[in-house]
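To start, the structure under review is shown below, and the notes come after it.
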Amino acid sequence: MKEFALIFRLNDTSDFKPSPEQMQERMNWLGSIAAQNKLADKGNTLLPIPGSAKTVRPDNVVTDGPYTEIKEFISGYIIIRVENIEEAVELAKSNPIFKIGGNIEVREILKRD
Amino acid sequence: MQQNAISPEVILPHLFRQEYAKITAVLCRYFGLQHIEIAEDIASDTFLRASENWAVNGVPINPTAWLYTVAKNKAKDYFKHLAIFETQVKKELPTETIQDGQAFEFDIKIIADSQLEMIFAVCNPTNSTEAQICLALQILCGFSVEEIANAFLTKTETIKKRLQRARNNLRNENFQIGDLGAMDIQQRLDIVLKTLYLLFNEGYFSKTNNQLIRKELCSEAVRLTLILVENQLTNTPQTNALLALMCFQSSRLEARINDNGEAILFEQQDKRLWDQTLIEKGNYYLVNACDGQEISKYHLEAGIAYWHTTLTTENKWPHILQLYNQLILMEYSPVTALNRTFAFARVYGNEKAIHEAEQLKLTENSYYHELLGHLYSDIDFEAAINHYQKAIELTKSKTERQTLTKEIERIKQKQIG
């Protein structure tokens, strides 16, 4: 078994606050993975809002928000435990994030220890 | 002596269940857990005396007080003998507290405190959870070895050995009953709650068809949890949530088994048999459980059980599904995964749920096949029958097999029709 991080990205901070229906869809997706006993860590949400997000750059330059050159920002992550990256990708495909123009990066975890 | 109209044969078994454990717990406070056998012997002797005496003289007006007085005197006698033995033979006196017969008081507070301490002593992680439940049934609930074996559908010999090992472990642990600090209690409470939760489930989802034993297991678990709620140190939101869960579940005990001991599916239960008093108690403890930020799995399970007691159908299953989503995120278990999928079917329909269910891949689990049989029953008769047959092969329960066989018959009828 391998562990993969699924990193969620959104385009627009206004999509960050989900409607009750969207919330329900997300929870169903997460619950479905947990029900297959493939959830290693339910992860966290990363707040992109003012006062909760800053980026520190060289020479003590600090900017507001997570925004780099592109508009995309990371909204959260979870860690799943599956056989291989193909299976991880399959699980990611059913996430409702694509309906609102988001995407998911799948990355194998190499444990530091 | 004034007499009670009730006959000893009727009242004694009832009293035994209630009072044996209390007497043992109070005495054990003074003897120490290492000498629990002495406390148990005195408690047993007390009941022996009662059965002999009451058969001749009738049941006293206040039988409980009678029992406490006899137990107290027997304990004093024991120490008198022990004192002689100790001074003459060992030239050494037992500790001061136990020399003093006054110590054996049976007032409400001492009984409650002693029982609380005994609960914590028994729910000791040094023993497996199975052994803890056996010990709890024997020491805290006054069950006989035969009754425990019956409840677990296990040989008495196995239970005897399990209890013996568990008792030895407790002795070696040298757990000091009677001086539990607030810190110890906080640390141990999780384990205590888990044992009581499992004790309740043992009754609620029992392997035995004996409805009486099931009810007693459940009501004993409720009684012990109530002791925790009544003590300030253990009256936490979690404890209240667990008690709420037990009340909600217990409210349906009468309705979920028919006269032949067969399980009745939730939808087919006669809702008039649901115990409204218990539902109201459940609501009361659930409100208390929400006093704080913490959400435990008992909160979520009590929430699910709450929705099952409501008569409204509107939004019920979406709420239940969301609670199952949270529960499965907190802790994976095959049962939760399957129940979640059942709720999913209720919200999104059987067809979508089949996909969801098949992903679980619990192919060695009889309930997995039962669920799939149910989901397929209006969509694909052949698949439904296959899954039900697989479930019959896997289940250990006789009544389960009967229920499943009936389902197959029902589908075959539909196939023809």
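Letters A, B, ... mark the chains of the structure tokens in the order given; residue numbers begin at 1 per chain; ligand numbers begin at 1, in order shown.
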**Message:** Residues of chain A within 6 Å of chain B, counting only C-alpha atoms - could you list those as a list in words?
**Reply:**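 My answer is Gly31, Ala34, Ala35 and Gln36 of chain A.
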Go ahead and save the residues from that selection, with N, CA and C atoms, as a tab-separated table (two decimals), in the first residue's frame.
chain	number	residue	atom	x	y	z
A	31	GLY	N	-16.65	10.53	2.63
A	31	GLY	CA	-17.21	9.38	3.35
A	31	GLY	C	-17.05	8.11	2.55
A	34	ALA	N	-13.54	6.92	2.91
A	34	ALA	CA	-13.34	6.37	4.26
A	34	ALA	C	-14.04	5.02	4.39
A	35	ALA	N	-15.21	4.87	3.76
A	35	ALA	CA	-15.96	3.61	3.84
A	35	ALA	C	-15.21	2.48	3.15
A	36	GLN	N	-14.35	2.83	2.19
A	36	GLN	CA	-13.52	1.81	1.55
A	36	GLN	C	-12.23	1.56	2.34
**Request:** Name the residues of chain A that come out as strand (DSSP E or B) in a backbone DSSP run; write them as JSON, numbers by chain.
**Result:** {"A": [2, 3, 4, 5, 6, 7, 8, 9, 10, 39, 40, 41, 42, 43, 44, 45, 54, 55, 56, 57, 61, 62, 63, 64, 73, 74, 75, 76, 77, 78, 79, 80, 81, 82, 103, 104, 105, 106, 107, 108]}
**Item:** Spatial neighbours of Leu67 in chain B, max dist 8 Å, only C-alpha atoms, sep filter under 3 positions, as number ranges by chain
**Value:** B: 46-47, 50, 63-64, 70-71
**Message:** Can you pull out the residues contacting Leu12 in chain B? Cut-off 12 Å, using only C-alpha atoms, and skip same-chain residues under 3 positions away; I want them as a PyMOL selection string.
**Reply:** chain B and resi 6-9+15-20+46-55+58-60+63-64+67
**Asked** Do you know which residues are at most 12 Å from Ile74 in chain A counting only C-alpha atoms, after dropping those on the same chain fewer than 5 positions away, and could you put them as a list in words?
**Response**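 Counting only the stated atoms, we get Leu6, Ile7, Phe8, Arg9, Leu10, Asn11, Asp12, Thr13, Asp15, Phe16, Asn44, Thr45, Leu46, Leu47, Pro48, Ile49, Ala53, Gly65, Pro66, Tyr67, Thr68, Gly102, Asn103, Ile104 and Glu105 of chain A.
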Distance query Gln164 in chain B at most 12 Å, only C-alpha atoms, self and fewer than 5 positions along chain excluded, as a compact mmCIF listing (two decimals) with all heavy atoms, in the first residue's frame:
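Writing done, so here's around_22.txt:
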# COMPACT_ATOMS: atom_id res chain seq x y z
N GLU B 37 -12.37 -11.92 46.21
CA GLU B 37 -13.08 -13.18 46.47
C GLU B 37 -13.74 -13.18 47.85
O GLU B 37 -14.82 -13.73 48.01
CB GLU B 37 -12.13 -14.39 46.35
CG GLU B 37 -11.92 -14.88 44.93
CD GLU B 37 -10.88 -14.07 44.18
OE1 GLU B 37 -10.19 -13.24 44.82
OE2 GLU B 37 -10.77 -14.25 42.95
N ASN B 127 -6.61 -6.03 30.58
CA ASN B 127 -7.38 -7.15 30.02
C ASN B 127 -7.92 -6.80 28.63
O ASN B 127 -8.16 -5.63 28.34
CB ASN B 127 -8.55 -7.48 30.94
CG ASN B 127 -8.11 -8.27 32.15
OD1 ASN B 127 -7.32 -9.21 32.04
ND2 ASN B 127 -8.60 -7.87 33.31
N ALA B 131 -12.54 -9.74 27.69
CA ALA B 131 -12.41 -10.14 29.09
C ALA B 131 -13.02 -9.08 30.00
O ALA B 131 -13.64 -9.40 31.02
CB ALA B 131 -10.95 -10.38 29.44
N GLN B 132 -12.83 -7.81 29.63
CA GLN B 132 -13.41 -6.73 30.44
C GLN B 132 -14.93 -6.85 30.50
O GLN B 132 -15.54 -6.64 31.55
CB GLN B 132 -13.06 -5.36 29.84
CG GLN B 132 -11.62 -4.94 30.05
CD GLN B 132 -11.36 -3.58 29.43
OE1 GLN B 132 -12.17 -2.66 29.54
NE2 GLN B 132 -10.25 -3.44 28.75
N CYS B 134 -16.72 -9.60 30.13
CA CYS B 134 -17.05 -10.75 30.98
C CYS B 134 -16.96 -10.37 32.45
O CYS B 134 -17.85 -10.67 33.24
CB CYS B 134 -16.10 -11.91 30.71
SG CYS B 134 -16.42 -12.73 29.16
N LEU B 135 -15.86 -9.71 32.80
CA LEU B 135 -15.67 -9.29 34.19
C LEU B 135 -16.77 -8.34 34.63
O LEU B 135 -17.31 -8.46 35.73
CB LEU B 135 -14.34 -8.55 34.33
CG LEU B 135 -13.09 -9.32 34.74
CD1 LEU B 135 -11.96 -8.34 34.96
CD2 LEU B 135 -13.32 -10.14 36.00
N GLN B 138 -19.84 -10.22 35.36
CA GLN B 138 -19.80 -11.01 36.58
C GLN B 138 -19.75 -10.12 37.83
O GLN B 138 -20.56 -10.28 38.73
CB GLN B 138 -18.58 -11.93 36.56
CG GLN B 138 -18.67 -12.98 37.65
CD GLN B 138 -17.40 -13.78 37.79
OE1 GLN B 138 -16.30 -13.24 37.67
NE2 GLN B 138 -17.54 -15.06 38.03
N VAL B 145 -21.60 -17.46 35.54
CA VAL B 145 -20.77 -17.89 34.42
C VAL B 145 -21.64 -18.47 33.30
O VAL B 145 -21.42 -18.19 32.12
CB VAL B 145 -19.73 -18.95 34.89
CG1 VAL B 145 -18.96 -19.51 33.71
CG2 VAL B 145 -18.77 -18.34 35.89
N GLU B 157 -16.82 -23.37 30.12
CA GLU B 157 -15.42 -23.61 30.45
C GLU B 157 -14.55 -22.46 29.92
O GLU B 157 -13.66 -21.97 30.62
CB GLU B 157 -14.99 -24.95 29.83
CG GLU B 157 -13.98 -25.73 30.62
CD GLU B 157 -14.14 -25.64 32.12
OE1 GLU B 157 -15.25 -25.89 32.66
OE2 GLU B 157 -13.14 -25.33 32.77
N THR B 158 -14.82 -22.04 28.69
CA THR B 158 -14.07 -20.93 28.08
C THR B 158 -14.23 -19.65 28.89
O THR B 158 -13.26 -18.94 29.16
CB THR B 158 -14.57 -20.67 26.65
OG1 THR B 158 -14.78 -21.92 26.02
CG2 THR B 158 -13.61 -19.82 25.86
N ILE B 159 -15.47 -19.38 29.27
CA ILE B 159 -15.75 -18.16 30.03
C ILE B 159 -15.06 -18.23 31.39
O ILE B 159 -14.46 -17.25 31.85
CB ILE B 159 -17.27 -17.97 30.22
CG1 ILE B 159 -17.96 -17.78 28.87
CG2 ILE B 159 -17.58 -16.79 31.13
CD1 ILE B 159 -17.65 -16.49 28.15
N ASN B 169 -4.95 -11.03 36.30
CA ASN B 169 -4.36 -9.80 35.78
C ASN B 169 -4.67 -8.61 36.67
O ASN B 169 -3.81 -7.78 36.95
CB ASN B 169 -4.86 -9.51 34.37
CG ASN B 169 -4.22 -10.41 33.35
OD1 ASN B 169 -3.21 -11.05 33.64
ND2 ASN B 169 -4.80 -10.46 32.17
N LEU B 170 -5.93 -8.54 37.10
CA LEU B 170 -6.33 -7.42 37.96
C LEU B 170 -5.55 -7.43 39.27
O LEU B 170 -5.10 -6.40 39.74
CB LEU B 170 -7.82 -7.50 38.28
CG LEU B 170 -8.80 -6.99 37.24
CD1 LEU B 170 -10.17 -6.79 37.87
CD2 LEU B 170 -8.34 -5.69 36.62
N ARG B 171 -5.40 -8.62 39.85
CA ARG B 171 -4.65 -8.74 41.09
C ARG B 171 -3.21 -8.29 40.91
O ARG B 171 -2.67 -7.56 41.71
CB ARG B 171 -4.68 -10.18 41.61
CG ARG B 171 -5.63 -10.38 42.76
CD ARG B 171 -5.40 -11.72 43.42
NE ARG B 171 -5.63 -12.81 42.49
CZ ARG B 171 -6.82 -13.35 42.28
NH1 ARG B 171 -7.86 -12.90 42.93
NH2 ARG B 171 -6.98 -14.32 41.42
**Request:** Could you give me, as a list of chain:residue names, the residues within 6 Å of range 38-42 of chain A, counting only C-alpha atoms and dropping anything in the same chain fewer than 6 positions from it?
**Result:**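 Here the answer would be A:Ile78, A:Ile79, A:Ile80, A:Arg81.
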**Request:** Take CA of Ile213 in chain B and CA of Ala151 in chain B and report the distance between them in Å, one decimal.
**Result:**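 That distance, rounded to one decimal, is 6.6 Å.
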**Message:** Quick check, in Å to one decimal: how far apart do CA of Asn172 in chain B and CA of Thr126 in chain B lie?
**Reply:**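 That distance, rounded to one decimal, is 9.8 Å.
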**Atomic distance CA of Asn124 in chain B - CA of Ala43 in chain B, expressed in Å with one decimal** =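 So the two atoms, CA of Asn124 in chain B and CA of Ala43 in chain B, lie 23.0 Å apart.
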